[in-house]
Amino acid sequence: MNRNLYRQASNGLARVFVYGTALVALIPLGLVLAYTVLKGLPSVEHVEFFINSFRPIGIPGGGVAHAVAGTVIMVGIASLLAVPVGILGGVYLVEYGRGRGGDLIRLAGDVLVGAPSIAIGLFAYALLVAPFHHFSGISAAVALAVLMLPVVIRTTEGAIELIPGSLREAGLALGLARWRVALQLIVPAAAPGIVTGALLAVARAAGETAPLLFTAFGNQILNLDPSKPMAALPLLVFNYARQPYPQAQQQAWGAALVLVVLVLITNLTSRFVFRRQIALAGKL
Amino acid sequence: MIRGLAMPRGRRRPPDGFRLLTGLVALAAPISLVLIVVLLAQQGAPAIWHYGLGFLTSRAWNPVSLDFGALAFIFGTLATSLIALALALPVGVGVALFLAEPSAGRLRGAIGIGVELLAAIPSVVYGLWAFYVMAPFVLIHVEQPIVARFGSVGILSGPARETSLFTASLVLSVMILPTLAAVSRDVIRAVPGGLRESSVALGATWWETTWGVILPAARQGIFGATVLALGRALGETIAVTMVIGNRPEIPTSLFAPAYTLASVIANEFTEATGQLYSSALIELGLVLMLVTLTVNVLAQLLVRSTTREARA
């Protein structure tokens, strides 16, 4: 009797502890979001914040337009590089990647996801900055593309695997070539899942700072030419946050808020799109 | 007769151009991996030849006398990552247990989304928050009381600082929590349901089942998740750079400033003058890359073998 009491008590305590950790895990999320909103709102309230570029300390009306433009352009180029390559790579893994070769590519992809982003930045520096002797948006886009690639490959593979085999068999039975089955039947059916992967990759790339440090470098003026140094939102947050001027720190919080909102919207959208994929795959 | 149906000799299947094309494209991932290592080795070559193996065991970091060594940074990287892991592991496994429960509640879904959003927040935002909000709070409410009470113990000695090994480890533990929780959750879910059911049928309580059956069955996979999180922690740059204090020494106290491989590259690379200085920094990058590469391959093999067993 006594023993059972002990067992029940320890069970109850353990349950409280385990459930407690789940709440503990959410505390930092809540705090980070709350502070970013509270401290960032005063900057974001002004329209000039999104229209103007850098203004020297002491002159009011500085904004982050140059950084938003830089982030959009560099992440855009990186997506153009990484998304098509990633989708075809994912198609390969599903269609032909049963053997050792496929396993090797999967392993490489998973390891590349964990590669330090600063090392990828150094890689892009060695590849595209050092030989040309100047920083550029392009080199940053290449670094971001390397970061995005494995995410797109693996989510594409995952999305296609959700599609029932009967769809592929039906296509092949009709005499369609394998590439037609893959690209015209399977990929469209898996489109929502693939979009999810692309969105997650975009969100990841948009928030990265380390690969931009010695590639995009940063820029104080609005520059739309990716062959020149470019500003970016995360880079701006990093640089302004380390300045002693309250005005710069204030803008860092504002830019951080913009970044968080962008990343969270992308993330939640991808979740919504993925739910449609599951529903769609269920119907096929 | 059946033989007559077979393909005539010499007529092979037509070459599959699509297979070739997608295969070549898929090689982009392994090629980038190899290229990263090769280019870093090539750019770091001047420092590698100049300092030899002694680079890894030297504590020096003096850009003026061009006296460089990696030891202080290797120490800082390992120390922050391991402390972060120790802090995050119990919470991460707890969250994973909670999320892997068979019953699916609304609260569970919300916490699952929350943990994933934790992974989505950019590193620089964590850094900003940690520097302006967390570090001052931790200094007054955690570090100073500990120093006041246990300051005589070497690694807890003062003076406490806002930016320190401890602060950096704390941010890092928050940042690796999602990896730890998500991978452990998948591993725990992969434990065959029959095990859980048998245990419950024998009259075990929830905790006895979890501690005595589920966790041992998932042990290897959780270890894999831990190693994976270690890989993330080793390479994390920006948030750590903002709160570690950036002092290229091996700290004697938990509350003293330190430096990591990734942070020193982030801080000094664009300002490095001269070939030897920048190639020494690139060699640090190479060391970081090779270490995380090894850790990640190990982790992937561990996680894979568990989830594959479960599938089979």
# chains A, B, ... in the order shown; residues from 1 in each chain; ligands from 1
$ residues_around --residues "region 93-101 of chain A" --least-positions-apart "6" --cutoff "9 Å" --atoms "only C-alpha atoms" --output "number ranges by chain"
A: 153-154, 157-158, 160-161, 178, 182; B: 19, 22-23, 26
$ interface_residues --of "chain B" --to "chain A" --cutoff "6 Å" --atoms "only C-alpha atoms" --output "list in words"
Phe18, Thr22, Gly23, Val25, Ala26, Ala29, Pro30, Ile36, Val91, Gly94, Val95, Leu118, Pro122, Val125, Trp207, Gly235, Gly285 and Asn296 of chain B
$ select_by_dssp --residues "region 186-254 of chain A" --states "alpha helix (DSSP H)" --output "number ranges by chain"
A: 187-189, 191-207, 233-241, 246-254
$ write_last_selection --atoms "N, CA and C atoms" --output "compact mmCIF listing (two decimals), in the first residue's frame"
# COMPACT_ATOMS: atom_id res chain seq x y z
N VAL A 187 5.38 16.20 -59.33
CA VAL A 187 5.76 17.50 -58.77
C VAL A 187 4.54 18.42 -58.59
N PRO A 188 3.65 18.52 -59.59
CA PRO A 188 2.47 19.36 -59.35
C PRO A 188 1.63 18.87 -58.17
N ALA A 189 1.51 17.54 -58.03
CA ALA A 189 0.71 17.02 -56.91
C ALA A 189 1.38 17.35 -55.58
N ALA A 191 3.17 20.01 -55.09
CA ALA A 191 3.52 21.43 -55.09
C ALA A 191 3.39 22.11 -53.73
N PRO A 192 2.27 21.93 -53.02
CA PRO A 192 2.18 22.65 -51.74
C PRO A 192 3.31 22.29 -50.79
N GLY A 193 3.68 21.02 -50.74
CA GLY A 193 4.77 20.60 -49.86
C GLY A 193 6.09 21.20 -50.29
N ILE A 194 6.29 21.28 -51.61
CA ILE A 194 7.53 21.85 -52.12
C ILE A 194 7.60 23.34 -51.81
N VAL A 195 6.45 24.01 -51.95
CA VAL A 195 6.39 25.44 -51.62
C VAL A 195 6.72 25.64 -50.14
N THR A 196 6.21 24.73 -49.30
CA THR A 196 6.52 24.80 -47.87
C THR A 196 8.02 24.80 -47.65
N GLY A 197 8.70 23.86 -48.32
CA GLY A 197 10.15 23.77 -48.17
C GLY A 197 10.84 25.03 -48.63
N ALA A 198 10.39 25.56 -49.78
CA ALA A 198 11.02 26.77 -50.31
C ALA A 198 10.82 27.93 -49.34
N LEU A 199 9.60 28.03 -48.78
CA LEU A 199 9.33 29.12 -47.84
C LEU A 199 10.19 29.01 -46.59
N LEU A 200 10.33 27.80 -46.07
CA LEU A 200 11.16 27.61 -44.88
C LEU A 200 12.60 28.01 -45.18
N ALA A 201 13.07 27.63 -46.38
CA ALA A 201 14.43 27.97 -46.76
C ALA A 201 14.60 29.48 -46.88
N VAL A 202 13.59 30.15 -47.47
CA VAL A 202 13.63 31.60 -47.61
C VAL A 202 13.68 32.26 -46.22
N ALA A 203 12.84 31.74 -45.31
CA ALA A 203 12.82 32.32 -43.96
C ALA A 203 14.18 32.17 -43.29
N ARG A 204 14.80 31.01 -43.50
CA ARG A 204 16.09 30.78 -42.88
C ARG A 204 17.13 31.73 -43.47
N ALA A 205 17.13 31.85 -44.80
CA ALA A 205 18.13 32.68 -45.46
C ALA A 205 17.96 34.15 -45.08
N ALA A 206 16.70 34.60 -44.98
CA ALA A 206 16.46 36.02 -44.71
C ALA A 206 16.99 36.42 -43.34
N GLY A 207 17.05 35.47 -42.41
CA GLY A 207 17.47 35.82 -41.06
C GLY A 207 18.95 35.63 -40.81
N LEU A 233 18.89 43.37 -43.72
CA LEU A 233 18.28 43.61 -42.41
C LEU A 233 19.07 42.99 -41.24
N PRO A 234 19.42 41.69 -41.32
CA PRO A 234 20.13 41.12 -40.16
C PRO A 234 21.48 41.78 -39.92
N LEU A 235 22.14 42.13 -41.02
CA LEU A 235 23.43 42.79 -40.92
C LEU A 235 23.29 44.15 -40.24
N LEU A 236 22.21 44.85 -40.60
CA LEU A 236 21.96 46.16 -40.02
C LEU A 236 21.68 46.05 -38.53
N VAL A 237 20.89 45.04 -38.14
CA VAL A 237 20.62 44.84 -36.71
C VAL A 237 21.94 44.60 -35.97
N PHE A 238 22.75 43.74 -36.53
CA PHE A 238 24.02 43.38 -35.89
C PHE A 238 24.92 44.61 -35.73
N ASN A 239 25.02 45.41 -36.79
CA ASN A 239 25.91 46.57 -36.72
C ASN A 239 25.37 47.68 -35.82
N TYR A 240 24.08 47.98 -35.92
CA TYR A 240 23.51 49.06 -35.12
C TYR A 240 23.48 48.70 -33.64
N ALA A 241 23.26 47.40 -33.36
CA ALA A 241 23.13 46.99 -31.96
C ALA A 241 24.43 47.22 -31.21
N PRO A 246 21.85 55.64 -28.76
CA PRO A 246 20.48 55.15 -28.58
C PRO A 246 19.69 55.14 -29.89
N GLN A 247 19.97 56.15 -30.74
CA GLN A 247 19.22 56.24 -32.00
C GLN A 247 19.48 55.00 -32.86
N ALA A 248 20.73 54.58 -32.92
CA ALA A 248 21.08 53.40 -33.71
C ALA A 248 20.48 52.15 -33.08
N GLN A 249 20.55 52.06 -31.74
CA GLN A 249 20.00 50.89 -31.06
C GLN A 249 18.49 50.81 -31.27
N GLN A 250 17.85 51.99 -31.24
CA GLN A 250 16.42 52.05 -31.47
C GLN A 250 16.08 51.48 -32.85
N GLN A 251 16.88 51.87 -33.85
CA GLN A 251 16.63 51.37 -35.21
C GLN A 251 16.93 49.88 -35.30
N ALA A 252 17.91 49.40 -34.51
CA ALA A 252 18.20 47.97 -34.52
C ALA A 252 16.97 47.18 -34.06
N TRP A 253 16.33 47.68 -32.98
CA TRP A 253 15.11 46.99 -32.51
C TRP A 253 14.02 47.04 -33.57
N GLY A 254 13.88 48.19 -34.22
CA GLY A 254 12.86 48.31 -35.27
C GLY A 254 13.11 47.32 -36.38
$ residues_around --residues "Asn52 (chain A)" --least-positions-apart "4" --cutoff "10 Å" --atoms "only C-alpha atoms" --output "PyMOL selection string"
chain A and resi 47-48+61-66+221-222
$ residues_around --residues "Val303 (chain B)" --least-positions-apart "5" --cutoff "8 Å" --atoms "only C-alpha atoms" --output "VMD selection string"
chain B and resid 187 220 to 222 224 to 225
$ atom_distance --atom1 "CA of Met74 (chain A)" --atom2 "CA of Ala141 (chain A)"
4.9 Å
$ closest_residue --among "A:Ala279, A:Ala78, A:Ala159, A:Val142" --to "Leu128 (chain A)" --atoms "only C-alpha atoms"
A:Val142
$ residues_around --residues "region 79-82 of chain B" --least-positions-apart "3" --cutoff "6 Å" --atoms "only C-alpha atoms" --output "PyMOL selection string"
chain B and resi 75-76+85+169+233-234
$ residues_around --residues "Val181 (chain A)" --least-positions-apart "2" --cutoff "10 Å" --atoms "only C-alpha atoms" --output "list of chain:residue names"
A:Leu167, A:Arg168, A:Glu169, A:Ala170, A:Gly171, A:Leu172, A:Leu174, A:Gly175, A:Leu176, A:Ala177, A:Arg178, A:Trp179, A:Leu183, A:Gln184, A:Leu185, A:Ile186, A:Val187
$ write_last_selection --atoms "N, CA and C atoms" --output "short mmCIF file (atom, residue, chain, number, x, y, z; two decimals), in the first residue's frame"
data_model
loop_
_atom_site.label_atom_id
_atom_site.label_comp_id
_atom_site.auth_asym_id
_atom_site.auth_seq_id
_atom_site.Cartn_x
_atom_site.Cartn_y
_atom_site.Cartn_z
N LEU A 167 -0.36 7.02 -58.24
CA LEU A 167 -0.34 8.11 -59.22
C LEU A 167 0.81 7.89 -60.22
N ARG A 168 1.98 7.53 -59.68
CA ARG A 168 3.13 7.27 -60.53
C ARG A 168 2.85 6.07 -61.44
N GLU A 169 2.29 5.01 -60.85
CA GLU A 169 2.02 3.80 -61.62
C GLU A 169 1.02 4.10 -62.74
N ALA A 170 0.01 4.91 -62.44
CA ALA A 170 -0.98 5.26 -63.45
C ALA A 170 -0.31 5.96 -64.62
N GLY A 171 0.59 6.90 -64.30
CA GLY A 171 1.28 7.63 -65.35
C GLY A 171 2.14 6.71 -66.19
N LEU A 172 2.91 5.86 -65.52
CA LEU A 172 3.79 4.95 -66.24
C LEU A 172 2.99 3.97 -67.08
N LEU A 174 0.25 4.49 -68.53
CA LEU A 174 -0.25 5.17 -69.72
C LEU A 174 0.86 5.36 -70.74
N GLY A 175 2.08 4.94 -70.37
CA GLY A 175 3.18 5.02 -71.32
C GLY A 175 3.93 6.33 -71.28
N LEU A 176 3.70 7.14 -70.24
CA LEU A 176 4.44 8.40 -70.15
C LEU A 176 5.90 8.13 -69.80
N ALA A 177 6.78 8.97 -70.31
CA ALA A 177 8.19 8.85 -69.95
C ALA A 177 8.36 9.20 -68.48
N ARG A 178 9.43 8.69 -67.92
CA ARG A 178 9.65 8.87 -66.49
C ARG A 178 9.72 10.36 -66.11
N TRP A 179 10.40 11.15 -66.96
CA TRP A 179 10.53 12.58 -66.62
C TRP A 179 9.19 13.28 -66.68
N LEU A 183 7.79 15.23 -63.57
CA LEU A 183 7.64 16.69 -63.61
C LEU A 183 6.20 17.15 -63.85
N GLN A 184 5.39 16.31 -64.54
CA GLN A 184 4.04 16.79 -64.86
C GLN A 184 2.96 16.18 -63.99
N LEU A 185 3.27 15.06 -63.32
CA LEU A 185 2.27 14.47 -62.43
C LEU A 185 2.66 14.63 -60.97
N ILE A 186 3.86 14.14 -60.65
CA ILE A 186 4.23 14.05 -59.24
C ILE A 186 4.52 15.43 -58.64
N VAL A 187 5.38 16.20 -59.33
CA VAL A 187 5.76 17.50 -58.77
C VAL A 187 4.54 18.42 -58.59
#
$ closest_residue --among "B:Val93, B:Ala299, B:Leu286, B:Ala119" --to "Val38 (chain B)" --atoms "only C-alpha atoms"
B:Leu286
$ atom_distance --atom1 "CA of Thr57 (chain B)" --atom2 "CA of Ile74 (chain B)"
9.4 Å
